[in-house]
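Undergrad: Supplied structure: structure.cif, mmCIF, C-alpha atoms.
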data_query
#
loop_
_atom_site.group_PDB
_atom_site.id
_atom_site.type_symbol
_atom_site.label_atom_id
_atom_site.label_comp_id
_atom_site.auth_asym_id
_atom_site.auth_seq_id
_atom_site.Cartn_x
_atom_site.Cartn_y
_atom_site.Cartn_z
ATOM 1 C CA MET H 165 -24.781 -14.487 6.948
ATOM 2 C CA GLN H 166 -21.664 -12.874 8.377
ATOM 3 C CA LYS H 167 -18.777 -12.775 5.935
ATOM 4 C CA THR H 168 -15.251 -13.718 6.919
ATOM 5 C CA ALA H 169 -12.127 -12.010 5.579
ATOM 6 C CA LEU H 170 -8.449 -12.859 5.862
ATOM 7 C CA ILE H 171 -5.960 -9.991 5.541
ATOM 8 C CA THR H 172 -2.266 -10.648 5.001
ATOM 9 C CA GLY H 173 -0.183 -7.656 6.020
ATOM 10 C CA ILE H 174 -2.811 -6.591 8.559
ATOM 11 C CA THR H 175 -0.195 -4.820 10.693
ATOM 12 C CA GLY H 176 0.657 -2.451 7.829
ATOM 13 C CA GLN H 177 -0.932 0.857 6.898
ATOM 14 C CA ASP H 178 -3.432 -0.584 4.405
ATOM 15 C CA GLY H 179 -4.162 -3.626 6.531
ATOM 16 C CA SER H 180 -5.160 -1.518 9.518
ATOM 17 C CA TYR H 181 -7.520 0.713 7.519
ATOM 18 C CA LEU H 182 -8.998 -2.276 5.704
ATOM 19 C CA ALA H 183 -9.596 -4.124 8.970
ATOM 20 C CA GLU H 184 -11.463 -1.093 10.322
ATOM 21 C CA LEU H 185 -13.601 -0.915 7.179
ATOM 22 C CA LEU H 186 -14.486 -4.607 7.187
ATOM 23 C CA LEU H 187 -15.331 -4.580 10.891
ATOM 24 C CA GLU H 188 -17.676 -1.640 10.266
ATOM 25 C CA LYS H 189 -19.358 -3.740 7.591
ATOM 26 C CA GLY H 190 -19.910 -6.606 10.014
ATOM 27 C CA TYR H 191 -17.172 -8.972 8.840
ATOM 28 C CA LYS H 192 -15.308 -11.434 10.988
ATOM 29 C CA VAL H 193 -11.703 -10.456 10.367
ATOM 30 C CA PHE H 194 -8.627 -12.662 10.574
ATOM 31 C CA GLY H 195 -5.160 -11.198 10.168
ATOM 32 C CA MET H 196 -2.070 -13.112 9.112
ATOM 33 C CA VAL H 197 1.131 -12.310 10.980
ATOM 34 C CA ARG H 198 4.577 -13.848 10.723
ATOM 35 C CA ARG H 199 6.238 -15.467 13.708
ATOM 36 C CA SER H 200 8.688 -12.739 14.625
ATOM 37 C CA SER H 201 10.263 -11.327 17.748
ATOM 38 C CA SER H 202 9.981 -7.786 16.341
ATOM 39 C CA GLU H 203 6.431 -7.701 14.948
ATOM 40 C CA ASN H 204 4.924 -4.229 15.259
ATOM 41 C CA PHE H 205 1.242 -4.126 16.191
ATOM 42 C CA ASP H 206 1.019 -0.351 16.759
ATOM 43 C CA ARG H 207 -1.318 0.284 13.810
ATOM 44 C CA ILE H 208 -3.842 -2.327 14.936
ATOM 45 C CA GLU H 209 -3.466 -2.054 18.707
ATOM 46 C CA HIS H 210 -6.945 -0.495 18.916
ATOM 47 C CA LEU H 211 -8.335 -3.503 17.017
ATOM 48 C CA ARG H 212 -6.659 -6.328 18.931
ATOM 49 C CA ASP H 213 -9.874 -7.304 20.716
ATOM 50 C CA LYS H 214 -11.870 -7.188 17.458
ATOM 51 C CA VAL H 215 -9.705 -9.112 15.000
ATOM 52 C CA GLU H 216 -8.198 -12.591 15.287
ATOM 53 C CA LEU H 217 -4.517 -12.899 14.455
ATOM 54 C CA ARG H 218 -3.157 -16.144 13.032
ATOM 55 C CA GLN H 219 0.376 -17.140 12.113
ATOM 56 C CA GLY H 220 1.317 -17.644 8.507
ATOM 57 C CA ASP H 221 4.244 -16.891 6.223
ATOM 58 C CA LEU H 222 4.360 -16.033 2.518
ATOM 59 C CA LEU H 223 7.577 -18.063 2.326
ATOM 60 C CA ASP H 224 5.911 -21.206 3.705
ATOM 61 C CA GLN H 225 3.320 -22.858 1.454
ATOM 62 C CA LEU H 226 2.010 -25.284 4.076
ATOM 63 C CA SER H 227 1.397 -22.518 6.624
ATOM 64 C CA LEU H 228 -0.795 -20.702 4.086
ATOM 65 C CA ILE H 229 -2.804 -23.819 3.280
ATOM 66 C CA ASN H 230 -3.344 -24.500 6.971
ATOM 67 C CA LEU H 231 -4.297 -20.872 7.644
ATOM 68 C CA ILE H 232 -6.905 -20.743 4.884
ATOM 69 C CA ASP H 233 -8.279 -24.140 5.856
ATOM 70 C CA GLU H 234 -8.557 -23.028 9.495
ATOM 71 C CA THR H 235 -10.182 -19.635 8.895
ATOM 72 C CA GLN H 236 -12.375 -20.548 5.885
ATOM 73 C CA PRO H 237 -12.556 -16.955 4.565
ATOM 74 C CA ASP H 238 -15.007 -15.684 1.970
ATOM 75 C CA GLU H 239 -12.466 -13.048 0.919
ATOM 76 C CA ILE H 240 -8.683 -12.810 1.076
ATOM 77 C CA TYR H 241 -6.849 -9.502 0.790
ATOM 78 C CA ASN H 242 -3.186 -10.163 0.034
ATOM 79 C CA LEU H 243 -1.454 -6.988 1.184
ATOM 80 C CA ALA H 244 1.723 -8.503 2.646
ATOM 81 C CA ALA H 245 4.966 -7.872 0.762
ATOM 82 C CA GLN H 246 8.438 -6.436 1.033
ATOM 83 C CA SER H 247 7.035 -3.056 0.032
ATOM 84 C CA PHE H 248 9.837 -0.512 0.447
ATOM 85 C CA VAL H 249 11.268 0.247 -2.996
ATOM 86 C CA PRO H 250 14.856 1.245 -1.994
ATOM 87 C CA THR H 251 15.215 -1.963 0.054
ATOM 88 C CA SER H 252 14.445 -3.986 -3.062
ATOM 89 C CA TRP H 253 17.847 -3.038 -4.489
ATOM 90 C CA THR H 254 19.724 -4.203 -1.397
ATOM 91 C CA LYS H 255 17.520 -7.305 -0.941
ATOM 92 C CA PRO H 256 16.327 -8.210 -4.454
ATOM 93 C CA LEU H 257 16.055 -11.961 -3.844
ATOM 94 C CA LEU H 258 14.077 -11.562 -0.627
ATOM 95 C CA THR H 259 11.835 -9.036 -2.370
ATOM 96 C CA GLY H 260 11.169 -11.503 -5.170
ATOM 97 C CA ASP H 261 10.438 -14.308 -2.746
ATOM 98 C CA PHE H 262 7.909 -12.295 -0.737
ATOM 99 C CA THR H 263 6.435 -9.942 -3.315
ATOM 100 C CA ALA H 264 6.378 -12.246 -6.365
ATOM 101 C CA LEU H 265 6.474 -15.902 -5.325
ATOM 102 C CA GLY H 266 4.512 -15.153 -2.157
ATOM 103 C CA VAL H 267 1.516 -14.288 -4.347
ATOM 104 C CA THR H 268 1.819 -17.622 -6.127
ATOM 105 C CA ARG H 269 1.908 -19.458 -2.818
ATOM 106 C CA MET H 270 -1.249 -17.642 -1.686
ATOM 107 C CA LEU H 271 -3.091 -18.376 -4.934
ATOM 108 C CA GLU H 272 -1.992 -21.996 -4.885
ATOM 109 C CA ALA H 273 -3.241 -22.306 -1.301
ATOM 110 C CA VAL H 274 -6.619 -20.875 -2.334
ATOM 111 C CA ARG H 275 -6.792 -23.244 -5.302
ATOM 112 C CA TYR H 276 -5.994 -26.180 -3.031
ATOM 113 C CA VAL H 277 -8.427 -25.314 -0.206
ATOM 114 C CA ASN H 278 -11.371 -23.581 -1.896
ATOM 115 C CA ARG H 279 -11.443 -21.970 -5.338
ATOM 116 C CA LYS H 280 -14.628 -20.065 -4.476
ATOM 117 C CA ILE H 281 -12.724 -17.715 -2.146
ATOM 118 C CA ARG H 282 -12.517 -14.219 -3.594
ATOM 119 C CA PHE H 283 -8.908 -13.033 -3.777
ATOM 120 C CA TYR H 284 -7.517 -9.487 -3.893
ATOM 121 C CA GLN H 285 -3.899 -8.870 -4.891
ATOM 122 C CA ALA H 286 -2.227 -5.565 -4.033
ATOM 123 C CA SER H 287 -0.583 -4.484 -7.275
ATOM 124 C CA SER H 288 1.331 -1.214 -7.531
ATOM 125 C CA SER H 289 1.828 1.818 -9.729
ATOM 126 C CA GLU H 290 5.569 1.067 -9.489
ATOM 127 C CA MET H 291 4.876 -1.569 -12.156
ATOM 128 C CA PHE H 292 4.547 1.252 -14.705
ATOM 129 C CA GLY H 293 8.018 2.559 -13.836
ATOM 130 C CA LYS H 294 9.416 4.323 -16.903
ATOM 131 C CA VAL H 295 5.948 5.198 -18.056
ATOM 132 C CA LEU H 296 4.990 4.629 -21.692
ATOM 133 C CA GLU H 297 1.905 6.860 -21.571
ATOM 134 C CA VAL H 298 0.375 9.523 -19.326
ATOM 135 C CA PRO H 299 -1.851 8.982 -17.445
ATOM 136 C CA GLN H 300 -1.479 5.266 -16.747
ATOM 137 C CA SER H 301 -4.537 3.015 -17.079
ATOM 138 C CA GLU H 302 -5.302 -0.692 -16.865
ATOM 139 C CA VAL H 303 -4.007 -1.201 -20.425
ATOM 140 C CA THR H 304 -0.772 0.796 -20.100
ATOM 141 C CA PRO H 305 2.269 -1.481 -20.625
ATOM 142 C CA PHE H 306 4.460 -2.095 -17.586
ATOM 143 C CA TYR H 307 8.106 -0.982 -17.498
ATOM 144 C CA PRO H 308 9.266 -1.468 -13.885
ATOM 145 C CA ARG H 309 12.368 0.359 -12.688
ATOM 146 C CA SER H 310 13.149 -1.479 -9.464
ATOM 147 C CA PRO H 311 13.311 -5.072 -8.213
ATOM 148 C CA TYR H 312 10.147 -4.238 -6.253
ATOM 149 C CA GLY H 313 8.347 -3.124 -9.411
ATOM 150 C CA VAL H 314 9.486 -6.243 -11.255
ATOM 151 C CA ALA H 315 8.251 -8.470 -8.421
ATOM 152 C CA LYS H 316 4.890 -6.691 -8.400
ATOM 153 C CA VAL H 317 4.516 -7.282 -12.152
ATOM 154 C CA TYR H 318 5.001 -10.996 -11.545
ATOM 155 C CA GLY H 319 2.433 -10.944 -8.723
ATOM 156 C CA HIS H 320 -0.005 -9.089 -10.955
ATOM 157 C CA PHE H 321 0.238 -11.458 -13.914
ATOM 158 C CA ILE H 322 0.217 -14.641 -11.826
ATOM 159 C CA THR H 323 -3.082 -13.381 -10.374
ATOM 160 C CA VAL H 324 -4.445 -12.895 -13.895
ATOM 161 C CA ASN H 325 -3.134 -16.327 -14.838
ATOM 162 C CA TYR H 326 -4.869 -18.114 -11.947
ATOM 163 C CA ARG H 327 -8.089 -16.234 -12.705
ATOM 164 C CA GLU H 328 -8.045 -17.352 -16.320
ATOM 165 C CA SER H 329 -6.643 -20.843 -15.749
ATOM 166 C CA TYR H 330 -8.714 -21.973 -12.773
ATOM 167 C CA ASP H 331 -11.830 -19.785 -13.036
ATOM 168 C CA MET H 332 -10.999 -18.122 -9.711
ATOM 169 C CA PHE H 333 -12.359 -14.757 -8.565
ATOM 170 C CA ALA H 334 -8.922 -13.155 -8.380
ATOM 171 C CA VAL H 335 -8.421 -9.435 -8.942
ATOM 172 C CA SER H 336 -5.596 -6.919 -8.748
ATOM 173 C CA GLY H 337 -5.876 -3.356 -7.565
ATOM 174 C CA ILE H 338 -3.177 -1.248 -9.225
ATOM 175 C CA LEU H 339 -2.920 1.304 -6.450
ATOM 176 C CA PHE H 340 -1.019 4.516 -6.884
ATOM 177 C CA ASN H 341 0.751 6.060 -3.899
ATOM 178 C CA HIS H 342 -1.557 6.165 -0.909
ATOM 179 C CA GLU H 343 -0.484 7.651 2.367
ATOM 180 C CA SER H 344 -1.698 8.403 5.891
ATOM 181 C CA PRO H 345 -0.441 9.193 9.389
ATOM 182 C CA ARG H 346 0.117 5.418 9.679
ATOM 183 C CA ARG H 347 2.624 5.357 6.820
ATOM 184 C CA GLY H 348 6.082 4.037 7.724
ATOM 185 C CA LYS H 349 8.830 6.631 8.180
ATOM 186 C CA GLU H 350 10.880 5.010 5.414
ATOM 187 C CA PHE H 351 8.423 6.412 2.832
ATOM 188 C CA VAL H 352 9.026 9.917 1.503
ATOM 189 C CA THR H 353 5.664 11.385 2.549
ATOM 190 C CA ARG H 354 6.065 10.350 6.168
ATOM 191 C CA LYS H 355 9.754 11.248 6.142
ATOM 192 C CA VAL H 356 8.728 14.760 5.149
ATOM 193 C CA THR H 357 5.837 15.210 7.590
ATOM 194 C CA ASP H 358 7.802 13.717 10.503
ATOM 195 C CA GLY H 359 10.784 15.900 9.614
ATOM 196 C CA VAL H 360 8.639 19.024 9.442
ATOM 197 C CA ALA H 361 7.075 18.249 12.819
ATOM 198 C CA ARG H 362 10.525 17.734 14.376
ATOM 199 C CA ILE H 363 11.793 21.023 12.978
ATOM 200 C CA LYS H 364 8.685 22.872 14.154
ATOM 201 C CA LEU H 365 9.110 21.476 17.679
ATOM 202 C CA GLY H 366 12.843 22.254 17.772
ATOM 203 C CA LEU H 367 13.889 18.594 17.665
ATOM 204 C CA ALA H 368 15.718 18.933 14.324
ATOM 205 C CA ASN H 369 17.134 21.747 12.194
ATOM 206 C CA GLU H 370 17.193 20.267 8.687
ATOM 207 C CA LEU H 371 15.494 17.768 6.387
ATOM 208 C CA ARG H 372 17.711 15.816 3.976
ATOM 209 C CA MET H 373 16.003 14.868 0.712
ATOM 210 C CA GLY H 374 16.768 13.229 -2.623
ATOM 211 C CA ASN H 375 14.988 13.940 -5.911
ATOM 212 C CA LEU H 376 12.521 16.818 -5.361
ATOM 213 C CA ASP H 377 11.324 16.748 -8.973
ATOM 214 C CA ALA H 378 9.851 13.220 -8.917
ATOM 215 C CA LYS H 379 6.101 13.328 -9.519
ATOM 216 C CA ARG H 380 3.541 11.088 -7.863
ATOM 217 C CA ASP H 381 -0.197 10.599 -7.650
ATOM 218 C CA TRP H 382 -0.826 10.670 -3.885
ATOM 219 C CA GLY H 383 -4.093 9.725 -2.195
ATOM 220 C CA PHE H 384 -5.373 8.771 1.268
ATOM 221 C CA ALA H 385 -5.034 5.106 2.234
ATOM 222 C CA GLY H 386 -8.391 5.165 4.022
ATOM 223 C CA ASP H 387 -10.067 5.972 0.699
ATOM 224 C CA TYR H 388 -8.144 3.326 -1.220
ATOM 225 C CA VAL H 389 -9.097 0.363 0.971
ATOM 226 C CA GLU H 390 -12.743 1.073 0.107
ATOM 227 C CA ALA H 391 -11.842 0.424 -3.542
ATOM 228 C CA MET H 392 -10.290 -2.918 -2.560
ATOM 229 C CA TRP H 393 -13.534 -3.997 -0.944
ATOM 230 C CA HIS H 394 -15.634 -2.855 -3.916
ATOM 231 C CA MET H 395 -13.524 -4.962 -6.283
ATOM 232 C CA LEU H 396 -14.457 -8.153 -4.445
ATOM 233 C CA GLN H 397 -18.185 -7.298 -4.474
ATOM 234 C CA GLN H 398 -18.492 -7.224 -8.280
ATOM 235 C CA ASN H 399 -20.221 -9.887 -10.351
ATOM 236 C CA GLU H 400 -17.100 -10.520 -12.438
ATOM 237 C CA PRO H 401 -13.427 -10.310 -11.442
ATOM 238 C CA ASP H 402 -11.378 -7.551 -13.071
ATOM 239 C CA ASP H 403 -8.364 -5.331 -12.425
ATOM 240 C CA TYR H 404 -8.568 -1.627 -11.623
ATOM 241 C CA VAL H 405 -6.289 1.397 -11.382
ATOM 242 C CA ILE H 406 -6.956 3.261 -8.130
ATOM 243 C CA ALA H 407 -5.638 6.816 -8.139
ATOM 244 C CA THR H 408 -6.620 10.462 -7.796
ATOM 245 C CA GLY H 409 -5.715 11.422 -11.358
ATOM 246 C CA GLU H 410 -3.628 14.330 -10.037
ATOM 247 C CA THR H 411 0.150 14.565 -9.923
ATOM 248 C CA HIS H 412 2.346 16.480 -7.495
ATOM 249 C CA THR H 413 6.103 16.800 -7.113
ATOM 250 C CA VAL H 414 8.022 15.915 -3.983
ATOM 251 C CA LYS H 415 8.842 19.629 -3.833
ATOM 252 C CA GLU H 416 5.102 20.424 -3.592
ATOM 253 C CA LEU H 417 4.768 17.878 -0.807
ATOM 254 C CA VAL H 418 7.599 19.554 1.071
ATOM 255 C CA ARG H 419 6.199 23.044 0.497
ATOM 256 C CA VAL H 420 2.666 22.204 1.679
ATOM 257 C CA ALA H 421 4.003 20.440 4.778
ATOM 258 C CA PHE H 422 6.253 23.356 5.822
ATOM 259 C CA GLU H 423 3.595 25.955 5.026
ATOM 260 C CA HIS H 424 1.149 24.146 7.309
ATOM 261 C CA VAL H 425 3.402 24.939 10.285
ATOM 262 C CA GLY H 426 4.312 28.431 9.048
ATOM 263 C CA LEU H 427 7.861 27.706 7.899
ATOM 264 C CA ASP H 428 9.805 28.350 4.656
ATOM 265 C CA TRP H 429 10.932 24.969 3.338
ATOM 266 C CA GLU H 430 13.960 26.373 1.486
ATOM 267 C CA LYS H 431 15.573 27.302 4.817
ATOM 268 C CA TYR H 432 15.553 23.728 6.072
ATOM 269 C CA VAL H 433 15.735 21.269 3.146
ATOM 270 C CA VAL H 434 19.175 19.919 2.198
ATOM 271 C CA LEU H 435 19.662 17.900 -1.002
ATOM 272 C CA ASP H 436 21.541 14.664 -0.318
ATOM 273 C CA GLU H 437 22.685 12.357 -3.147
ATOM 274 C CA ARG H 438 22.508 9.342 -0.812
ATOM 275 C CA PHE H 439 18.726 9.401 -1.203
ATOM 276 C CA LEU H 440 18.727 9.201 -5.007
ATOM 277 C CA ARG H 441 17.606 5.866 -6.511
ATOM 278 C CA PRO H 442 19.786 3.897 -8.978
ATOM 279 C CA ALA H 443 16.904 4.128 -11.485
ATOM 280 C CA GLU H 444 14.294 6.766 -10.766
ATOM 281 C CA VAL H 445 10.601 6.704 -11.594
ATOM 282 C CA ASP H 446 9.990 10.291 -12.615
ATOM 283 C CA LEU H 447 6.250 10.543 -13.288
ATOM 284 C CA LEU H 448 3.331 8.473 -12.060
ATOM 285 C CA VAL H 449 -0.283 9.600 -12.470
ATOM 286 C CA GLY H 450 -3.203 7.226 -12.699
ATOM 287 C CA ASP H 451 -6.397 7.206 -14.740
ATOM 288 C CA PRO H 452 -9.124 6.092 -12.274
ATOM 289 C CA SER H 453 -12.009 6.432 -14.741
ATOM 290 C CA LYS H 454 -12.697 2.679 -14.892
ATOM 291 C CA ALA H 455 -12.929 2.444 -11.102
ATOM 292 C CA GLN H 456 -15.158 5.506 -11.007
ATOM 293 C CA LYS H 457 -17.486 4.082 -13.638
ATOM 294 C CA LYS H 458 -17.661 0.419 -12.594
ATOM 295 C CA LEU H 459 -17.036 0.593 -8.855
ATOM 296 C CA GLY H 460 -18.550 3.994 -8.182
ATOM 297 C CA TRP H 461 -15.344 4.887 -6.326
ATOM 298 C CA LYS H 462 -13.829 8.350 -5.973
ATOM 299 C CA PRO H 463 -11.193 9.658 -3.541
ATOM 300 C CA LYS H 464 -12.524 11.924 -0.804
ATOM 301 C CA VAL H 465 -9.362 13.406 0.733
ATOM 302 C CA SER H 466 -7.386 15.953 -1.325
ATOM 303 C CA PHE H 467 -3.593 16.081 -1.581
ATOM 304 C CA GLU H 468 -3.357 19.183 0.613
ATOM 305 C CA GLU H 469 -5.730 17.716 3.212
ATOM 306 C CA LEU H 470 -3.670 14.526 3.277
ATOM 307 C CA VAL H 471 -0.365 16.325 3.855
ATOM 308 C CA ARG H 472 -1.841 18.506 6.606
ATOM 309 C CA MET H 473 -3.416 15.435 8.236
ATOM 310 C CA MET H 474 -0.036 13.700 8.305
ATOM 311 C CA VAL H 475 1.820 16.720 9.690
ATOM 312 C CA ASP H 476 -0.788 17.094 12.453
ATOM 313 C CA GLY H 477 -0.469 13.405 13.252
ATOM 314 C CA ASP H 478 3.306 13.659 13.613
ATOM 315 C CA LEU H 479 3.085 16.838 15.684
ATOM 316 C CA LYS H 480 0.732 15.140 18.127
ATOM 317 C CA ALA H 481 2.814 11.957 18.281
ATOM 318 C CA LEU H 482 6.013 13.914 18.999
ATOM 319 C CA GLN H 483 4.343 16.097 21.583
ATOM 320 C CA ASP H 484 3.072 12.966 23.329
ATOM 321 C CA ASN H 485 6.464 11.240 23.075
ATOM 322 C CA PRO H 486 9.377 13.528 22.055
ATOM 323 C CA LYS H 487 11.897 10.652 22.214
ATOM 324 C CA ARG H 488 10.193 8.470 19.617
#
Would you write the structure of this file as structure tokens?
TA:
Amino acid sequence: MQKTALITGITGQDGSYLAELLLEKGYKVFGMVRRSSSENFDRIEHLRDKVELRQGDLLDQLSLINLIDETQPDEIYNLAAQSFVPTSWTKPLLTGDFTALGVTRMLEAVRYVNRKIRFYQASSSEMFGKVLEVPQSEVTPFYPRSPYGVAKVYGHFITVNYRESYDMFAVSGILFNHESPRRGKEFVTRKVTDGVARIKLGLANELRMGNLDAKRDWGFAGDYVEAMWHMLQQNEPDDYVIATGETHTVKELVRVAFEHVGLDWEKYVVLDERFLRPAEVDLLVGDPSKAQKKLGWKPKVSFEELVRMMVDGDLKALQDNPKR
């Protein structure tokens, strides 16, 4: 029988890649979107005739109950959140409402409509924050360093709580940084690759950056959504760290991006204190051994391949539309 999936946050980077994956696997795919005059469907425009979009809101419990009752999904992937870390300092209450309490509303809606629905929660490596061990695994204590990280910790543990309290198949994927050409420009990887493309094409002459020494574990979003799907196909629900196991500095990201277009990054990068965080997360690197062993999952795209892919994507987009 054909499976049905509901994706919240389908218009985002992960939602678009996940929708593609599930469609390839023969799923009927519903996507939840908020009623908004400024909703951006660019990432899923090529899927509009293949997925069914339905209105729902993580701030509105009844809308979630009605949505789940209407679509009757076998699987729910809860990817929607206020997911930009710097914004969580300027909008901490909104971040908590979407990213923390929104998870509770989704789980409560599942419990009310049908506890047999399999539920995936998008947890984050930002929960580790000021890391207490390197690398970080499923048993590493959390020490979040932003309102976003704090909200994600709540979302993570409420998922565990519903799993243990109501015998629900609810899992969390603790995903480390995952990027792609579909990443929003507010994220550092896309800021860099878009900036490099603009400089290469003569549309800009500098790239302003914050902390170049911060270290991250960067992978390709297209690889990571496969891990999400695998988690919901297991016999027993469990939580998994999804990462490459490699760490790279922002400076390496910048260097690889500029080298790809034949430029010396030191001639164009300007350090700007406005882009420093109030509390920085200095080192994140995941231990994906559990996912490799139990899910059979491994990343396919390397860090260098990812950066070059993103630069090429921005070059093409700017050449097609220089005013964007």
Undergrad: Nearest to Arg488 in chain H: which of H:Asp377, H:Gly450, H:Gly176, H:Arg362 is it, counting all atoms listed in the file?
TA: H:Arg362
Undergrad: The PyMOL selection byres ((chain H and resi 264) around 7) - which residues does that actually catch in the file I just gave you? List them as an MDAnalysis selection string.
TA: chainID H and resid 260:263 265:267 315:316 318:319
Undergrad: So the first atom is CA of Tyr404 in chain H and the second is CA of Val277 in chain H; what is the distance between them in Å, to one decimal place?
TA: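 So the answer is 26.3 Å.
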Undergrad: Go through H:Lys480, H:His210, H:Arg218, H:Lys167 one by one, measure the shortest atom-to-atom distance of each to Ala361 in chain H using only C-alpha atoms, and give the residue with the smallest value.
TA: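 Closest to Ala361 in chain H of all the choices is H:Lys480.
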Undergrad: Between H:Val298, H:Val405, H:Val314, H:Val389, single out the one closest to Ser336 in chain H, counting only C-alpha atoms.
TA: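 Selected residue with least distance to Ser336 in chain H: H:Val405.
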Undergrad: Would you list the contacts of Val335 in chain H as a PyMOL selection string, taking every protein, DNA or RNA residue within 9 Å and counting only C-alpha atoms, but skipping same-chain residues closer than 3 positions in sequence?
TA: chain H and resi 282-286+320+323-324+327+395-396+401-404
Undergrad: Between H:Leu222, H:Leu228, H:Val317, H:Ile406, which is the closest to Lys457 in chain H once you count only C-alpha atoms?
TA: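 Smallest separation from Lys457 in chain H among the options: H:Ile406.
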Undergrad: Spell out the residues picked by the PyMOL selection byres ((chain H and resi 246) around 8) here, as a list of chain:residue names.
TA: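 Going through the file, the PyMOL selection byres ((chain H and resi 246) around 8) ends up selecting H:Ala244, H:Ala245, H:Ser247, H:Phe248, H:Ser252, H:Leu258, H:Thr259, H:Phe262, H:Thr263, H:Tyr312.
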Undergrad: Can you tell me which residues surround Asp451 in chain H at a distance of at most 6 Å, considering all atoms listed in the file, apart from same-chain residues fewer than 4 positions away, and format the answer as a PyMOL selection string?
TA: chain H and resi 299-301+409
Undergrad: Put the listed atoms of range 257-263 of chain H in a box along x, y and z with 6 Å added on every side and give me the centre and edge lengths in Å to one decimal, as JSON.
TA:
{"center_x": 11.2, "center_y": -11.7, "center_z": -2.9, "size_x": 21.6, "size_y": 17.3, "size_z": 16.5}
Undergrad: Report as a PyMOL selection string all protein, DNA and RNA residues lying within 10 Å of range 382-388 of chain H, evaluated on only C-alpha atoms, omitting residues in the same chain fewer than 2 positions from it.
TA: chain H and resi 177-182+184-185+337+339-347+353+379-380+390-393+406-413+417+448-450+461-471+473
